[in-house]
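A.B. asks: Before I ask anything, here is the structure I am working with.
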Amino acid sequence: MKTRFRYFDFSLFIAVLLLVGISSIMIYSASVWNRGDYANSSLFYRQLFYAGFGIVVYLIATMFRYENFRKKNVLRSLYALSVILLFVTWAMPPLNGARAWLIIGGLTIQPIEIAKFVLILLLANYYHQLWNRELTGWPGRIGRAAIERKKLRAQIGAFFIIPGLFYFFPYAFVINGQPDHGGLFVLGVIMFMMWLAAGAPLRIIIPVIIAGIGFVYAMYTFVFTDNQVSRINVVFNPFMDPEGYGHQLLMSIISIVHGGLTGVGLGNSYQKYGYLPEPETDYIMSIIAEELGFIGVLVVLVLLFFIAFRAVNIANHTDSHFAMFVSFGIAAQIMVQTGINIGAMSGWFPGTGVTLPLVSYGGTSLIMTMGILGVLSSISMRNRHREATRRAEIRGKSEENVQNASLHVVR
């Protein structure tokens, strides 16, 4: 145990701890109104519990051998569990217009946070098998035609249709029934970014992007409810419904403008006193912008993008396709959720309930995010151990050569 921790990725862990610390402080400040119950710190204490539990999960995941996620029984069990949990949410009472939570007593669990990680594992394992010619049956035949003979139809099937049909669309069907189109959009973008990481040919990327845009437009026109359409429309003009769907965005923009460069000071936000609804969750960055200013926002974004770029760096030093794709998937999730959350609070994207990783209030989101970052830390430890072993072998051979040369000179 002690030997393995010699290669612990402290830079990643410190960045995570800093974000969790900032999150706890800002949730304490933002939740002071606590939906009308002034000075009730229950949300803050819950978040402290989630943070402590998340740290334990992070350390356990770090010591867990990530290769075990490739085992068929483990992958199938996680996939089945995540889909079943999403199905169970259909029987739950709606919260904020969606049945996206499991409500067990006073505890709420958001299964889509589990689904994000499972999708990353499924895609990473599939693309690992694709590039290592491990697929069997007709997927194997299509994969070999795509990799070896580079046939267009085979490439479309191997890179897009097979993983989309078997892994993404079951999630899409269940999540659309909740409906949680914000979470579904995150899953879709994660899958698209893993397509890119897996080496999908550029000649089919552009048609896929065009098809994706057409699909989103069709969803907007024929599938989205009036509530979802209104949330999208107010992005372009929040004043069209300032007391309704545009209210949260307007209050968020006021927070950003009020904070300016350096903010009004920690704890001095006005918007958290009932003006900005539930400021500790999806719009926590608005309170950070108001109290700590642009500088505070920049610090949070630098830490988040450091984690994402650290994941990409770890991916580039792995010795297996599976570890590489898992690392890229984790980087994609952090970047996608950060981009959507910042876009929503600043008026560039509809408010969809997507949390800011490690910062927004929420137990499932925080614990699962720390868990997947623990897996990333495990991959990093393996990289460092392998590199240290390689250097030791090179050093040993060099010393042996020098010693042999010295003996030869003496003789």
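Letters for chains follow the order of the structure tokens (A, B, ...), residue numbers begin at 1 for each chain, and ligand numbers begin at 1 in the order shown.
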Could you list, as a PyMOL selection string, every residue within 12 Å of Lys71 (chain A), counting only C-alpha atoms and ignoring same-chain residues fewer than 6 positions away?

C.D. replies: chain A and resi 65+77-78+121-122+125+322

A.B. asks: Could you save the residues just selected, with C-alpha atoms, as an mmCIF file, in the first residue's frame?

C.D. replies:
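Output contents, as saved in again07.cif:
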```cif
data_model
loop_
_atom_site.group_PDB
_atom_site.id
_atom_site.type_symbol
_atom_site.label_atom_id
_atom_site.label_comp_id
_atom_site.auth_asym_id
_atom_site.auth_seq_id
_atom_site.Cartn_x
_atom_site.Cartn_y
_atom_site.Cartn_z
ATOM 1 C CA ARG A 65 -7.446 -1.692 -10.278
ATOM 2 C CA SER A 77 -23.904 -5.507 -14.128
ATOM 3 C CA LEU A 78 -23.140 -1.784 -14.086
ATOM 4 C CA LEU A 121 -16.633 2.535 -19.474
ATOM 5 C CA LEU A 122 -18.763 0.846 -22.142
ATOM 6 C CA ASN A 125 -14.068 -1.069 -23.601
ATOM 7 C CA PHE A 322 -9.016 1.156 -22.477
#
```

A.B. asks: Among region 157-361 of chain A, which residues carry a DSSP assignment of alpha helix (DSSP H), reported as a count of residues only?

C.D. replies: 126

A.B. asks: Could you give me, as a PyMOL selection string, each residue of region 43-210 of chain A that DSSP assigns to strand (DSSP E or B) when run on this structure's backbone?

C.D. replies: chain A and resi 95+98+102-104+107-109

A.B. asks: Would you put the residues from that selection into a file with N, CA, C and O atoms, as a PDB file, in the first residue's frame?

C.D. replies:
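New file result-v9.pdb:
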```
ATOM      1  N   LEU A  95     -39.881  16.376 -10.103  1.00  0.00           N
ATOM      2  CA  LEU A  95     -39.239  17.515  -9.450  1.00  0.00           C
ATOM      3  C   LEU A  95     -38.748  18.450 -10.544  1.00  0.00           C
ATOM      4  O   LEU A  95     -38.007  18.028 -11.430  1.00  0.00           O
ATOM      5  N   ALA A  98     -39.407  17.118 -14.127  1.00  0.00           N
ATOM      6  CA  ALA A  98     -38.812  15.877 -14.629  1.00  0.00           C
ATOM      7  C   ALA A  98     -38.770  14.828 -13.531  1.00  0.00           C
ATOM      8  O   ALA A  98     -38.615  15.153 -12.349  1.00  0.00           O
ATOM      9  N   LEU A 102     -34.378   9.435  -7.937  1.00  0.00           N
ATOM     10  CA  LEU A 102     -34.928   8.398  -7.065  1.00  0.00           C
ATOM     11  C   LEU A 102     -35.088   9.005  -5.684  1.00  0.00           C
ATOM     12  O   LEU A 102     -34.124   9.549  -5.124  1.00  0.00           O
ATOM     13  N   ILE A 103     -36.270   8.942  -5.144  1.00  0.00           N
ATOM     14  CA  ILE A 103     -36.543   9.527  -3.836  1.00  0.00           C
ATOM     15  C   ILE A 103     -36.755   8.395  -2.844  1.00  0.00           C
ATOM     16  O   ILE A 103     -37.740   7.654  -2.913  1.00  0.00           O
ATOM     17  N   ILE A 104     -35.816   8.235  -1.930  1.00  0.00           N
ATOM     18  CA  ILE A 104     -35.862   7.172  -0.928  1.00  0.00           C
ATOM     19  C   ILE A 104     -35.837   7.843   0.441  1.00  0.00           C
ATOM     20  O   ILE A 104     -34.786   8.248   0.939  1.00  0.00           O
ATOM     21  N   LEU A 107     -33.760  11.012   1.044  1.00  0.00           N
ATOM     22  CA  LEU A 107     -32.578  10.967   0.185  1.00  0.00           C
ATOM     23  C   LEU A 107     -32.984  10.978  -1.279  1.00  0.00           C
ATOM     24  O   LEU A 107     -33.902  10.273  -1.683  1.00  0.00           O
ATOM     25  N   THR A 108     -32.318  11.807  -2.081  1.00  0.00           N
ATOM     26  CA  THR A 108     -32.568  11.833  -3.526  1.00  0.00           C
ATOM     27  C   THR A 108     -31.291  11.417  -4.254  1.00  0.00           C
ATOM     28  O   THR A 108     -30.197  11.882  -3.931  1.00  0.00           O
ATOM     29  N   ILE A 109     -31.451  10.534  -5.227  1.00  0.00           N
ATOM     30  CA  ILE A 109     -30.328  10.026  -6.022  1.00  0.00           C
ATOM     31  C   ILE A 109     -30.635  10.277  -7.489  1.00  0.00           C
ATOM     32  O   ILE A 109     -31.752  10.037  -7.950  1.00  0.00           O
TER      33      ILE A 109
END
```

A.B. asks: Quick one: residues within 12 Å of Ile84 (chain A), only C-alpha atoms counted, chain neighbours fewer than 3 positions away excluded, as a count of residues only?

C.D. replies: 19

A.B. asks: Name all residues at most 10 Å from Phe236 (chain A) (count only C-alpha atoms; drop same-chain ones fewer than 4 positions away) and give them as an mmCIF file with all heavy atoms, in the first residue's frame.

C.D. replies:
```cif
data_model
loop_
_atom_site.group_PDB
_atom_site.id
_atom_site.type_symbol
_atom_site.label_atom_id
_atom_site.label_comp_id
_atom_site.auth_asym_id
_atom_site.auth_seq_id
_atom_site.Cartn_x
_atom_site.Cartn_y
_atom_site.Cartn_z
ATOM 1 N N ARG A 231 -37.740 27.478 -22.266
ATOM 2 C CA ARG A 231 -36.405 27.614 -21.678
ATOM 3 C C ARG A 231 -35.360 27.940 -22.748
ATOM 4 O O ARG A 231 -34.393 28.668 -22.485
ATOM 5 C CB ARG A 231 -36.015 26.324 -20.952
ATOM 6 C CG ARG A 231 -36.713 26.126 -19.621
ATOM 7 C CD ARG A 231 -36.274 24.820 -18.968
ATOM 8 N NE ARG A 231 -36.855 24.649 -17.653
ATOM 9 C CZ ARG A 231 -36.303 25.093 -16.527
ATOM 10 N NH1 ARG A 231 -35.146 25.723 -16.576
ATOM 11 N NH2 ARG A 231 -36.883 24.899 -15.369
ATOM 12 N N ILE A 232 -35.539 27.376 -23.935
ATOM 13 C CA ILE A 232 -34.604 27.660 -25.026
ATOM 14 C C ILE A 232 -34.822 29.071 -25.566
ATOM 15 O O ILE A 232 -33.866 29.822 -25.814
ATOM 16 C CB ILE A 232 -34.773 26.612 -26.150
ATOM 17 C CG1 ILE A 232 -34.353 25.227 -25.646
ATOM 18 C CG2 ILE A 232 -33.943 26.994 -27.380
ATOM 19 C CD1 ILE A 232 -34.651 24.104 -26.608
ATOM 20 N N MET A 240 -38.528 38.400 -22.651
ATOM 21 C CA MET A 240 -39.826 37.983 -23.171
ATOM 22 C C MET A 240 -40.697 37.384 -22.065
ATOM 23 O O MET A 240 -41.918 37.338 -22.176
ATOM 24 C CB MET A 240 -39.650 36.959 -24.301
ATOM 25 C CG MET A 240 -39.043 35.636 -23.883
ATOM 26 S SD MET A 240 -38.795 34.482 -25.274
ATOM 27 C CE MET A 240 -40.495 34.118 -25.680
ATOM 28 N N GLY A 246 -37.630 33.474 -17.978
ATOM 29 C CA GLY A 246 -36.441 34.307 -18.096
ATOM 30 C C GLY A 246 -35.947 34.867 -16.776
ATOM 31 O O GLY A 246 -34.887 35.500 -16.732
ATOM 32 N N GLY A 347 -26.148 33.040 -20.176
ATOM 33 C CA GLY A 347 -27.082 33.316 -21.263
ATOM 34 C C GLY A 347 -26.659 32.803 -22.614
ATOM 35 O O GLY A 347 -27.191 33.249 -23.637
ATOM 36 N N TRP A 348 -25.759 31.830 -22.658
ATOM 37 C CA TRP A 348 -25.327 31.257 -23.930
ATOM 38 C C TRP A 348 -25.923 29.879 -24.174
ATOM 39 O O TRP A 348 -25.739 29.303 -25.250
ATOM 40 C CB TRP A 348 -23.797 31.157 -23.970
ATOM 41 C CG TRP A 348 -23.125 32.478 -24.083
ATOM 42 C CD1 TRP A 348 -22.666 33.247 -23.053
ATOM 43 C CD2 TRP A 348 -22.855 33.210 -25.275
ATOM 44 N NE1 TRP A 348 -22.119 34.408 -23.522
ATOM 45 C CE2 TRP A 348 -22.220 34.419 -24.894
ATOM 46 C CE3 TRP A 348 -23.081 32.982 -26.635
ATOM 47 C CZ2 TRP A 348 -21.811 35.372 -25.812
ATOM 48 C CZ3 TRP A 348 -22.672 33.932 -27.551
ATOM 49 C CH2 TRP A 348 -22.046 35.114 -27.136
ATOM 50 N N PHE A 349 -26.606 29.339 -23.154
ATOM 51 C CA PHE A 349 -27.150 27.988 -23.266
ATOM 52 C C PHE A 349 -28.382 27.904 -22.376
ATOM 53 O O PHE A 349 -28.435 28.561 -21.327
ATOM 54 C CB PHE A 349 -26.100 26.966 -22.812
ATOM 55 C CG PHE A 349 -26.344 25.574 -23.299
ATOM 56 C CD1 PHE A 349 -25.882 25.177 -24.544
ATOM 57 C CD2 PHE A 349 -27.048 24.656 -22.531
ATOM 58 C CE1 PHE A 349 -26.104 23.890 -25.008
ATOM 59 C CE2 PHE A 349 -27.275 23.371 -22.978
ATOM 60 C CZ PHE A 349 -26.796 22.984 -24.228
ATOM 61 N N PRO A 350 -29.390 27.128 -22.769
ATOM 62 C CA PRO A 350 -30.589 27.002 -21.935
ATOM 63 C C PRO A 350 -30.270 26.380 -20.576
ATOM 64 O O PRO A 350 -29.377 25.540 -20.457
ATOM 65 C CB PRO A 350 -31.505 26.075 -22.748
ATOM 66 C CG PRO A 350 -30.969 26.104 -24.140
ATOM 67 C CD PRO A 350 -29.512 26.361 -24.029
#
```

A.B. asks: May I ask for the distance between CA of Ile342 (chain A) and CA of Leu43 (chain A), given in Å to one decimal place?

C.D. replies: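 Distance between the two atoms: 22.4 Å.
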
A.B. asks: Need the shell around Glu387 (chain A): protein/DNA/RNA residues with any atom at most 12 Å away, counting only C-alpha atoms. Skip same-chain ones fewer than 5 positions apart. Format as an MDAnalysis selection string?

C.D. replies: chainID A and resid 7 317:319 380:382 392:394

A.B. asks: Please produce an output containing N, CA and C atoms for each residue in the selection, written as a PDB file, in the first residue's frame.

C.D. replies:
```
ATOM      1  N   TYR A   7       3.442   6.757  -5.881  1.00  0.00           N
ATOM      2  CA  TYR A   7       3.141   7.272  -7.219  1.00  0.00           C
ATOM      3  C   TYR A   7       1.788   7.997  -7.251  1.00  0.00           C
ATOM      4  N   HIS A 317      -0.316   9.022 -21.787  1.00  0.00           N
ATOM      5  CA  HIS A 317       0.803   8.249 -21.245  1.00  0.00           C
ATOM      6  C   HIS A 317       0.389   6.847 -20.813  1.00  0.00           C
ATOM      7  N   THR A 318      -0.808   6.420 -21.191  1.00  0.00           N
ATOM      8  CA  THR A 318      -1.250   5.081 -20.808  1.00  0.00           C
ATOM      9  C   THR A 318      -0.644   4.023 -21.729  1.00  0.00           C
ATOM     10  N   ASP A 319      -0.732   2.772 -21.286  1.00  0.00           N
ATOM     11  CA  ASP A 319      -0.215   1.669 -22.100  1.00  0.00           C
ATOM     12  C   ASP A 319      -1.330   0.787 -22.646  1.00  0.00           C
ATOM     13  N   SER A 380      -3.383   7.198 -13.431  1.00  0.00           N
ATOM     14  CA  SER A 380      -2.170   8.005 -13.307  1.00  0.00           C
ATOM     15  C   SER A 380      -1.111   7.282 -12.474  1.00  0.00           C
ATOM     16  N   MET A 381      -1.533   6.652 -11.376  1.00  0.00           N
ATOM     17  CA  MET A 381      -0.580   5.902 -10.545  1.00  0.00           C
ATOM     18  C   MET A 381       0.063   4.769 -11.327  1.00  0.00           C
ATOM     19  N   ARG A 382      -0.747   4.076 -12.141  1.00  0.00           N
ATOM     20  CA  ARG A 382      -0.200   2.993 -12.953  1.00  0.00           C
ATOM     21  C   ARG A 382       0.825   3.537 -13.952  1.00  0.00           C
ATOM     22  N   ALA A 392      14.164   2.685 -13.866  1.00  0.00           N
ATOM     23  CA  ALA A 392      15.045   1.876 -13.009  1.00  0.00           C
ATOM     24  C   ALA A 392      15.753   0.799 -13.823  1.00  0.00           C
ATOM     25  N   GLU A 393      15.029   0.200 -14.763  1.00  0.00           N
ATOM     26  CA  GLU A 393      15.646  -0.823 -15.618  1.00  0.00           C
ATOM     27  C   GLU A 393      16.737  -0.221 -16.490  1.00  0.00           C
ATOM     28  N   ILE A 394      16.469   0.960 -17.062  1.00  0.00           N
ATOM     29  CA  ILE A 394      17.474   1.632 -17.891  1.00  0.00           C
ATOM     30  C   ILE A 394      18.698   1.993 -17.062  1.00  0.00           C
TER      31      ILE A 394
END
```

A.B. asks: Contacts of region 257-266 of chain A at 10 Å or less, counting only C-alpha atoms, minus same-chain residues fewer than 5 places along, as a list in words?

C.D. replies: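 Listed by chain and then number, they are Ile25, Met26, Ser29, Ala30, Met251, Ser252, Gln271, Ser286, Ile287, Ile288, Ala289, Glu290, Glu291, Leu292, Gly293, Phe294, Ile295, Gly296 and Val297 of chain A.
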
A.B. asks: Residues within 7 Å of Glu113 (chain A), please, as a PyMOL selection string. Count only C-alpha atoms; anything in the same chain fewer than 5 positions from it doesn't count.

C.D. replies: chain A and resi 364-365+368

A.B. asks: Pick the closest to Pro93 (chain A) from A:Gly351, A:Val326, A:Gln178, A:Ala158: which is it, counting only C-alpha atoms?

C.D. replies: A:Gln178

A.B. asks: In terms of the shortest atom-to-atom distance over only C-alpha atoms, which of A:Met345, A:Leu75, A:Val83, A:Val57 is closest to Leu250 (chain A)?

C.D. replies: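 When distances to Leu250 (chain A) are compared using only C-alpha atoms, the smallest one comes from A:Met345.
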